[in-house]
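Some notes on the structure that comes next.
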Amino acid sequence: MNTVTNLVEAVPCSRLKTCARCVMDTTVPEIHFDGNGECQYCKMHDFMDGIYPRDPVKLENKASQLVDRIRQVGKGKRYDCIVGVSGGRDSTWGLYRAVKAGLRPLAVHFDNGWNSPIAVSNIANATNHLGIDLETVVADWEEFRDLQVSFLRASVPDVEIPTDVAIHSVLHRIAAREDVQYVFFCHSFRTEGIVPRGWSFLDGKYIEAVQKRFGTRPLKDFKNFKIWDFFRFSIVKGIQSVPFVNYFDYNQKKVSELLTNELGWKYYGGHHHESTYTFFIQSYLLPRKFNIDKRKAEYSALVRSGQMDRQTALQQTTWHPYEYDEKLLAYVLSKLEITKTEWNLIWNSPIRSYQDFPSYYPLMKRCRLPLKLATSMGWLPELLYLKYLE
């Protein structure tokens, strides 16, 4: 088995070029720098800052206009928005802000079988305290397990996109059922950052291609999201994806304190560790096999938004590897029914990417202008367009 134990051993610091402003570096294959040494992700952040300004008055006005529009469209309906919840900080705060703004959300959770006890408790506490209805969609475990194993066998870094795409699909399907036009995705570019395309490529066609090549069963229950689903939900049904938390000044420390005090929310120890599988992927698989440290994207966002000192971020990502429990690997392999022999084969398989499989990416590049229009209409989040096509 590969014995790489941290990022420093995998790529010596002397060979890395780091952004002059954040901590993204040349471990990201598609990264490039301008004349001032700043990376494209800093430029994307600045673009988003222009859309969602830090000025409290401007941001409040923008949020008020959005809320008024949602209320107007949702008159006479049981719910006026759908909010995806995971038990994490971002989605919990998004739900909290929606209620405080006077909206009537339906909280929706996609259970892929990997929830930590803290995540389950956080979701229950938040919805109970706020008096919000919760709908949980549970994946068919045997089918979803087979799909997750397929992505591990494919030897690609974006092994979590089945969950991400399923969440996107489930929220839109429930919105259509409830005749709701607004779906809230609670990702903050100021705290989570912008994940490079080479690290995570969300594409329903790509998912089908990986499953066809490495899976052992057809996808029947899995809620995929393909190009005709985009047309159906976004254009025909008029459902808009709203990056709701971007409409509010997001300070990670203050948000954590507020949620803890008002909703009984508990921290789970790391970025997206509310999911046991995500914990395994980010702390073990990605840094040790793919030389990917997702903290760089998160810390870079915090640095850009003034919530973290750049030197501290550099020290954390350079000298402190992700912490994980050796029992975690054994638990994941047992739950996925992967033998040690197969795991060794998976671990030592040549690294691939989404570009080694059929996907919508070539079509997306040809349709750049229509997709830009779709983004301006609210059918696509701005960050998705920037990440895939800029």
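In the structure tokens, chains take letters A, B, ... by order of appearance, with residues numbered from 1 within each chain and ligands from 1 in the order shown.
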Those of segment 206-369 of chain A in DSSP alpha helix (DSSP H), formatted as a VMD selection string: chain A and resid 206 to 214 227 to 230 252 to 263 276 to 280 295 to 304 310 to 319 326 to 336 340 to 348 361 to 366 368 to 369
Kindly save the residues from that selection, with C-alpha atoms included, as a PDB file, in the first residue's frame.
```pdb
ATOM      1  CA  TYR A 206     -20.115  10.899 -15.664  1.00  0.00           C
ATOM      2  CA  ILE A 207     -21.789   9.020 -12.812  1.00  0.00           C
ATOM      3  CA  GLU A 208     -23.528   6.668 -15.224  1.00  0.00           C
ATOM      4  CA  ALA A 209     -20.274   6.042 -17.105  1.00  0.00           C
ATOM      5  CA  VAL A 210     -18.377   5.120 -13.945  1.00  0.00           C
ATOM      6  CA  GLN A 211     -21.157   2.816 -12.760  1.00  0.00           C
ATOM      7  CA  LYS A 212     -21.423   1.131 -16.147  1.00  0.00           C
ATOM      8  CA  ARG A 213     -17.696   0.382 -16.168  1.00  0.00           C
ATOM      9  CA  PHE A 214     -17.094  -0.542 -12.525  1.00  0.00           C
ATOM     10  CA  ILE A 227     -29.258  17.301 -18.849  1.00  0.00           C
ATOM     11  CA  TRP A 228     -32.972  16.679 -19.404  1.00  0.00           C
ATOM     12  CA  ASP A 229     -33.502  16.996 -15.647  1.00  0.00           C
ATOM     13  CA  PHE A 230     -31.937  20.447 -15.836  1.00  0.00           C
ATOM     14  CA  GLN A 252     -17.678  31.130  10.819  1.00  0.00           C
ATOM     15  CA  LYS A 253     -16.876  31.631  14.495  1.00  0.00           C
ATOM     16  CA  LYS A 254     -19.915  33.805  15.204  1.00  0.00           C
ATOM     17  CA  VAL A 255     -22.224  31.460  13.313  1.00  0.00           C
ATOM     18  CA  SER A 256     -20.974  28.467  15.317  1.00  0.00           C
ATOM     19  CA  GLU A 257     -21.616  30.290  18.593  1.00  0.00           C
ATOM     20  CA  LEU A 258     -25.089  31.387  17.516  1.00  0.00           C
ATOM     21  CA  LEU A 259     -26.151  27.914  16.388  1.00  0.00           C
ATOM     22  CA  THR A 260     -24.776  26.330  19.552  1.00  0.00           C
ATOM     23  CA  ASN A 261     -26.596  28.772  21.823  1.00  0.00           C
ATOM     24  CA  GLU A 262     -29.924  28.913  19.998  1.00  0.00           C
ATOM     25  CA  LEU A 263     -30.304  25.470  18.386  1.00  0.00           C
ATOM     26  CA  THR A 276     -18.392   9.560   8.320  1.00  0.00           C
ATOM     27  CA  TYR A 277     -17.665   8.862   4.659  1.00  0.00           C
ATOM     28  CA  THR A 278     -16.651  12.457   3.967  1.00  0.00           C
ATOM     29  CA  PHE A 279     -14.397  12.313   7.006  1.00  0.00           C
ATOM     30  CA  PHE A 280     -12.714   9.233   5.540  1.00  0.00           C
ATOM     31  CA  ARG A 295      -8.500  22.354   3.697  1.00  0.00           C
ATOM     32  CA  LYS A 296      -6.609  24.522   1.218  1.00  0.00           C
ATOM     33  CA  ALA A 297      -9.855  25.563  -0.447  1.00  0.00           C
ATOM     34  CA  GLU A 298     -11.566  26.183   2.905  1.00  0.00           C
ATOM     35  CA  TYR A 299      -8.660  28.039   4.503  1.00  0.00           C
ATOM     36  CA  SER A 300      -8.137  30.093   1.347  1.00  0.00           C
ATOM     37  CA  ALA A 301     -11.750  31.252   1.554  1.00  0.00           C
ATOM     38  CA  LEU A 302     -11.309  32.199   5.199  1.00  0.00           C
ATOM     39  CA  VAL A 303      -8.108  34.080   4.373  1.00  0.00           C
ATOM     40  CA  ARG A 304      -9.787  36.016   1.543  1.00  0.00           C
ATOM     41  CA  ARG A 310      -2.652  33.487   5.776  1.00  0.00           C
ATOM     42  CA  GLN A 311       0.459  32.442   7.695  1.00  0.00           C
ATOM     43  CA  THR A 312      -1.638  30.317  10.029  1.00  0.00           C
ATOM     44  CA  ALA A 313      -3.363  28.708   7.044  1.00  0.00           C
ATOM     45  CA  LEU A 314       0.008  27.946   5.435  1.00  0.00           C
ATOM     46  CA  GLN A 315       1.337  26.401   8.631  1.00  0.00           C
ATOM     47  CA  GLN A 316      -1.756  24.274   9.106  1.00  0.00           C
ATOM     48  CA  THR A 317      -1.737  22.841   5.581  1.00  0.00           C
ATOM     49  CA  THR A 318       2.045  22.459   5.406  1.00  0.00           C
ATOM     50  CA  TRP A 319       2.887  20.925   8.756  1.00  0.00           C
ATOM     51  CA  GLU A 326      -7.018   3.996  12.010  1.00  0.00           C
ATOM     52  CA  LYS A 327     -10.315   2.360  12.968  1.00  0.00           C
ATOM     53  CA  LEU A 328     -12.019   4.632  10.433  1.00  0.00           C
ATOM     54  CA  LEU A 329     -10.499   2.794   7.467  1.00  0.00           C
ATOM     55  CA  ALA A 330     -11.521  -0.586   8.855  1.00  0.00           C
ATOM     56  CA  TYR A 331     -15.061   0.675   9.459  1.00  0.00           C
ATOM     57  CA  VAL A 332     -15.431   2.077   5.933  1.00  0.00           C
ATOM     58  CA  LEU A 333     -14.092  -1.055   4.251  1.00  0.00           C
ATOM     59  CA  SER A 334     -16.378  -3.245   6.346  1.00  0.00           C
ATOM     60  CA  LYS A 335     -19.447  -1.123   5.613  1.00  0.00           C
ATOM     61  CA  LEU A 336     -18.675  -1.070   1.889  1.00  0.00           C
ATOM     62  CA  LYS A 340      -8.204  -5.974   2.027  1.00  0.00           C
ATOM     63  CA  THR A 341      -7.147  -7.555  -1.269  1.00  0.00           C
ATOM     64  CA  GLU A 342      -9.551  -5.411  -3.278  1.00  0.00           C
ATOM     65  CA  TRP A 343      -8.613  -2.322  -1.273  1.00  0.00           C
ATOM     66  CA  ASN A 344      -4.967  -2.848  -2.165  1.00  0.00           C
ATOM     67  CA  LEU A 345      -5.954  -3.058  -5.830  1.00  0.00           C
ATOM     68  CA  ILE A 346      -8.019   0.113  -5.523  1.00  0.00           C
ATOM     69  CA  TRP A 347      -5.261   1.930  -3.693  1.00  0.00           C
ATOM     70  CA  ASN A 348      -2.625   1.057  -6.269  1.00  0.00           C
ATOM     71  CA  TYR A 361     -18.068  18.685 -20.160  1.00  0.00           C
ATOM     72  CA  PRO A 362     -17.412  18.876 -23.940  1.00  0.00           C
ATOM     73  CA  LEU A 363     -21.040  19.905 -24.477  1.00  0.00           C
ATOM     74  CA  MET A 364     -20.835  22.461 -21.677  1.00  0.00           C
ATOM     75  CA  LYS A 365     -17.816  24.107 -23.279  1.00  0.00           C
ATOM     76  CA  ARG A 366     -19.653  24.371 -26.598  1.00  0.00           C
ATOM     77  CA  ARG A 368     -20.795  28.408 -22.746  1.00  0.00           C
ATOM     78  CA  LEU A 369     -22.950  31.383 -23.802  1.00  0.00           C
TER      79      LEU A 369
END
```
What lies within 7 Å of Ser155 of chain A using only C-alpha atoms, ignoring chain neighbours under 3 positions off, as a PDB file with C-alpha atoms, in the first residue's frame?
```pdb
ATOM      1  CA  PHE A 151     -16.064   5.379  -7.816  1.00  0.00           C
ATOM      2  CA  LEU A 152     -13.340   3.963  -5.589  1.00  0.00           C
ATOM      3  CA  ILE A 346      -8.019   0.113  -5.523  1.00  0.00           C
ATOM      4  CA  SER A 349      -4.756   1.642  -9.367  1.00  0.00           C
ATOM      5  CA  PRO A 350      -3.503   4.420 -11.680  1.00  0.00           C
ATOM      6  CA  ILE A 351      -5.097   7.755 -10.888  1.00  0.00           C
ATOM      7  CA  ARG A 352      -7.809   8.866 -13.312  1.00  0.00           C
TER       8      ARG A 352
END
```
Excluding Val28 of chain A and residues on its chain fewer than 3 positions from it, collect all residues at most 9 Å away from it, counting only C-alpha atoms, and give them as a list in words. Met24, Asp25, Ile31, Pro196, Gly198, Trp199 and Ile292 of chain A
Show which residues sit within 12 Å of Glu160 of chain A, as a VMD selection string. Count only C-alpha atoms, and ignore same-chain residues fewer than 5 positions away. chain A and resid 112 114 144 to 145 147 to 152 165 to 167 199 to 203 207 272 275 to 282 285 to 286
Go ahead and save the residues from that selection, with N, CA and C atoms, as a JSON list (two decimals), in the first residue's frame.
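Below is the file selection_29.json, written as the result:
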```json
[["chain", "number", "residue", "atom", "x", "y", "z"],
["A", 112, "ASN", "N", -27.52, 9.09, 2.93],
["A", 112, "ASN", "CA", -26.81, 8.11, 2.10],
["A", 112, "ASN", "C", -26.24, 6.97, 2.93],
["A", 114, "TRP", "N", -24.40, 7.35, 5.80],
["A", 114, "TRP", "CA", -23.13, 7.67, 6.46],
["A", 114, "TRP", "C", -23.26, 8.79, 7.50],
["A", 144, "PHE", "N", -26.63, 2.14, -3.52],
["A", 144, "PHE", "CA", -25.73, 3.27, -3.32],
["A", 144, "PHE", "C", -24.34, 2.80, -2.92],
["A", 145, "ARG", "N", -24.27, 1.74, -2.10],
["A", 145, "ARG", "CA", -22.97, 1.18, -1.74],
["A", 145, "ARG", "C", -22.22, 0.73, -2.99],
["A", 147, "LEU", "N", -22.51, 1.90, -5.98],
["A", 147, "LEU", "CA", -22.08, 3.10, -6.70],
["A", 147, "LEU", "C", -20.85, 3.73, -6.05],
["A", 148, "GLN", "N", -20.83, 3.78, -4.74],
["A", 148, "GLN", "CA", -19.66, 4.34, -4.05],
["A", 148, "GLN", "C", -18.42, 3.49, -4.29],
["A", 149, "VAL", "N", -18.58, 2.18, -4.28],
["A", 149, "VAL", "CA", -17.46, 1.30, -4.55],
["A", 149, "VAL", "C", -16.98, 1.47, -6.00],
["A", 150, "SER", "N", -17.91, 1.70, -6.91],
["A", 150, "SER", "CA", -17.55, 1.92, -8.31],
["A", 150, "SER", "C", -16.61, 3.12, -8.45],
["A", 151, "PHE", "N", -16.91, 4.19, -7.74],
["A", 151, "PHE", "CA", -16.06, 5.38, -7.82],
["A", 151, "PHE", "C", -14.70, 5.14, -7.19],
["A", 152, "LEU", "N", -14.64, 4.32, -6.15],
["A", 152, "LEU", "CA", -13.34, 3.96, -5.59],
["A", 152, "LEU", "C", -12.54, 3.13, -6.58],
["A", 165, "VAL", "N", -24.71, 14.97, -6.26],
["A", 165, "VAL", "CA", -25.69, 15.01, -7.34],
["A", 165, "VAL", "C", -27.05, 14.54, -6.85],
["A", 166, "ALA", "N", -27.06, 13.51, -6.01],
["A", 166, "ALA", "CA", -28.33, 13.02, -5.46],
["A", 166, "ALA", "C", -29.03, 14.09, -4.64],
["A", 167, "ILE", "N", -28.27, 14.83, -3.85],
["A", 167, "ILE", "CA", -28.85, 15.92, -3.05],
["A", 167, "ILE", "C", -29.49, 16.95, -3.98],
["A", 199, "TRP", "N", -10.93, 18.39, -8.67],
["A", 199, "TRP", "CA", -11.16, 17.71, -7.39],
["A", 199, "TRP", "C", -12.57, 17.16, -7.29],
["A", 200, "SER", "N", -13.52, 17.84, -7.91],
["A", 200, "SER", "CA", -14.92, 17.44, -7.77],
["A", 200, "SER", "C", -15.69, 17.90, -9.00],
["A", 201, "PHE", "N", -16.11, 16.95, -9.82],
["A", 201, "PHE", "CA", -16.80, 17.27, -11.07],
["A", 201, "PHE", "C", -18.20, 16.67, -11.03],
["A", 202, "LEU", "N", -19.22, 17.53, -10.83],
["A", 202, "LEU", "CA", -20.60, 17.06, -10.70],
["A", 202, "LEU", "C", -21.23, 16.90, -12.08],
["A", 203, "ASP", "N", -21.57, 15.67, -12.42],
["A", 203, "ASP", "CA", -22.04, 15.39, -13.78],
["A", 203, "ASP", "C", -22.77, 14.05, -13.78],
["A", 207, "ILE", "N", -21.41, 10.02, -13.80],
["A", 207, "ILE", "CA", -21.79, 9.02, -12.81],
["A", 207, "ILE", "C", -22.23, 7.73, -13.50],
["A", 272, "HIS", "N", -16.89, 19.20, 7.16],
["A", 272, "HIS", "CA", -17.82, 18.19, 6.63],
["A", 272, "HIS", "C", -17.66, 16.82, 7.29],
["A", 275, "SER", "N", -20.44, 13.78, 8.09],
["A", 275, "SER", "CA", -20.58, 12.52, 7.37],
["A", 275, "SER", "C", -19.34, 11.67, 7.61],
["A", 276, "THR", "N", -19.54, 10.44, 8.07],
["A", 276, "THR", "CA", -18.39, 9.56, 8.32],
["A", 276, "THR", "C", -17.61, 9.29, 7.03],
["A", 277, "TYR", "N", -18.33, 9.15, 5.93],
["A", 277, "TYR", "CA", -17.66, 8.86, 4.66],
["A", 277, "TYR", "C", -16.85, 10.07, 4.19],
["A", 278, "THR", "N", -17.40, 11.26, 4.34],
["A", 278, "THR", "CA", -16.65, 12.46, 3.97],
["A", 278, "THR", "C", -15.41, 12.60, 4.83],
["A", 279, "PHE", "N", -15.54, 12.30, 6.10],
["A", 279, "PHE", "CA", -14.40, 12.31, 7.01],
["A", 279, "PHE", "C", -13.30, 11.39, 6.47],
["A", 280, "PHE", "N", -13.68, 10.19, 6.08],
["A", 280, "PHE", "CA", -12.71, 9.23, 5.54],
["A", 280, "PHE", "C", -12.09, 9.74, 4.24],
["A", 281, "ILE", "N", -12.92, 10.27, 3.35],
["A", 281, "ILE", "CA", -12.42, 10.73, 2.06],
["A", 281, "ILE", "C", -11.44, 11.88, 2.22],
["A", 282, "GLN", "N", -11.82, 12.86, 3.03],
["A", 282, "GLN", "CA", -11.00, 14.07, 3.13],
["A", 282, "GLN", "C", -9.78, 13.91, 4.02],
["A", 285, "LEU", "N", -8.29, 9.26, 2.18],
["A", 285, "LEU", "CA", -8.13, 8.90, 0.77],
["A", 285, "LEU", "C", -7.52, 10.03, -0.07],
["A", 286, "LEU", "N", -8.10, 11.21, 0.00],
["A", 286, "LEU", "CA", -7.64, 12.29, -0.88],
["A", 286, "LEU", "C", -6.20, 12.72, -0.62]]
```
Could you produce a table of the residues of segment 91-204 of chain A lying within 12 Å of segment 41-45 of chain A, with the nearest pair of atoms per residue and their separation in Å rounded to one decimal, using only C-alpha atoms, ordered by chain and increasing residue number, as a Markdown table?
```
| residue | atom | partner | partner_atom | distance |
| --- | --- | --- | --- | --- |
| A:Ser188 | CA | A:His45 | CA | 10.6 |
| A:Phe189 | CA | A:His45 | CA | 7.0 |
| A:Arg190 | CA | A:His45 | CA | 7.8 |
| A:Thr191 | CA | A:His45 | CA | 10.8 |
| A:Glu192 | CA | A:His45 | CA | 11.0 |
| A:Gly193 | CA | A:His45 | CA | 7.8 |
| A:Ile194 | CA | A:Tyr41 | CA | 6.6 |
| A:Val195 | CA | A:Tyr41 | CA | 8.8 |
| A:Pro196 | CA | A:Tyr41 | CA | 8.3 |
| A:Arg197 | CA | A:Tyr41 | CA | 11.1 |
```
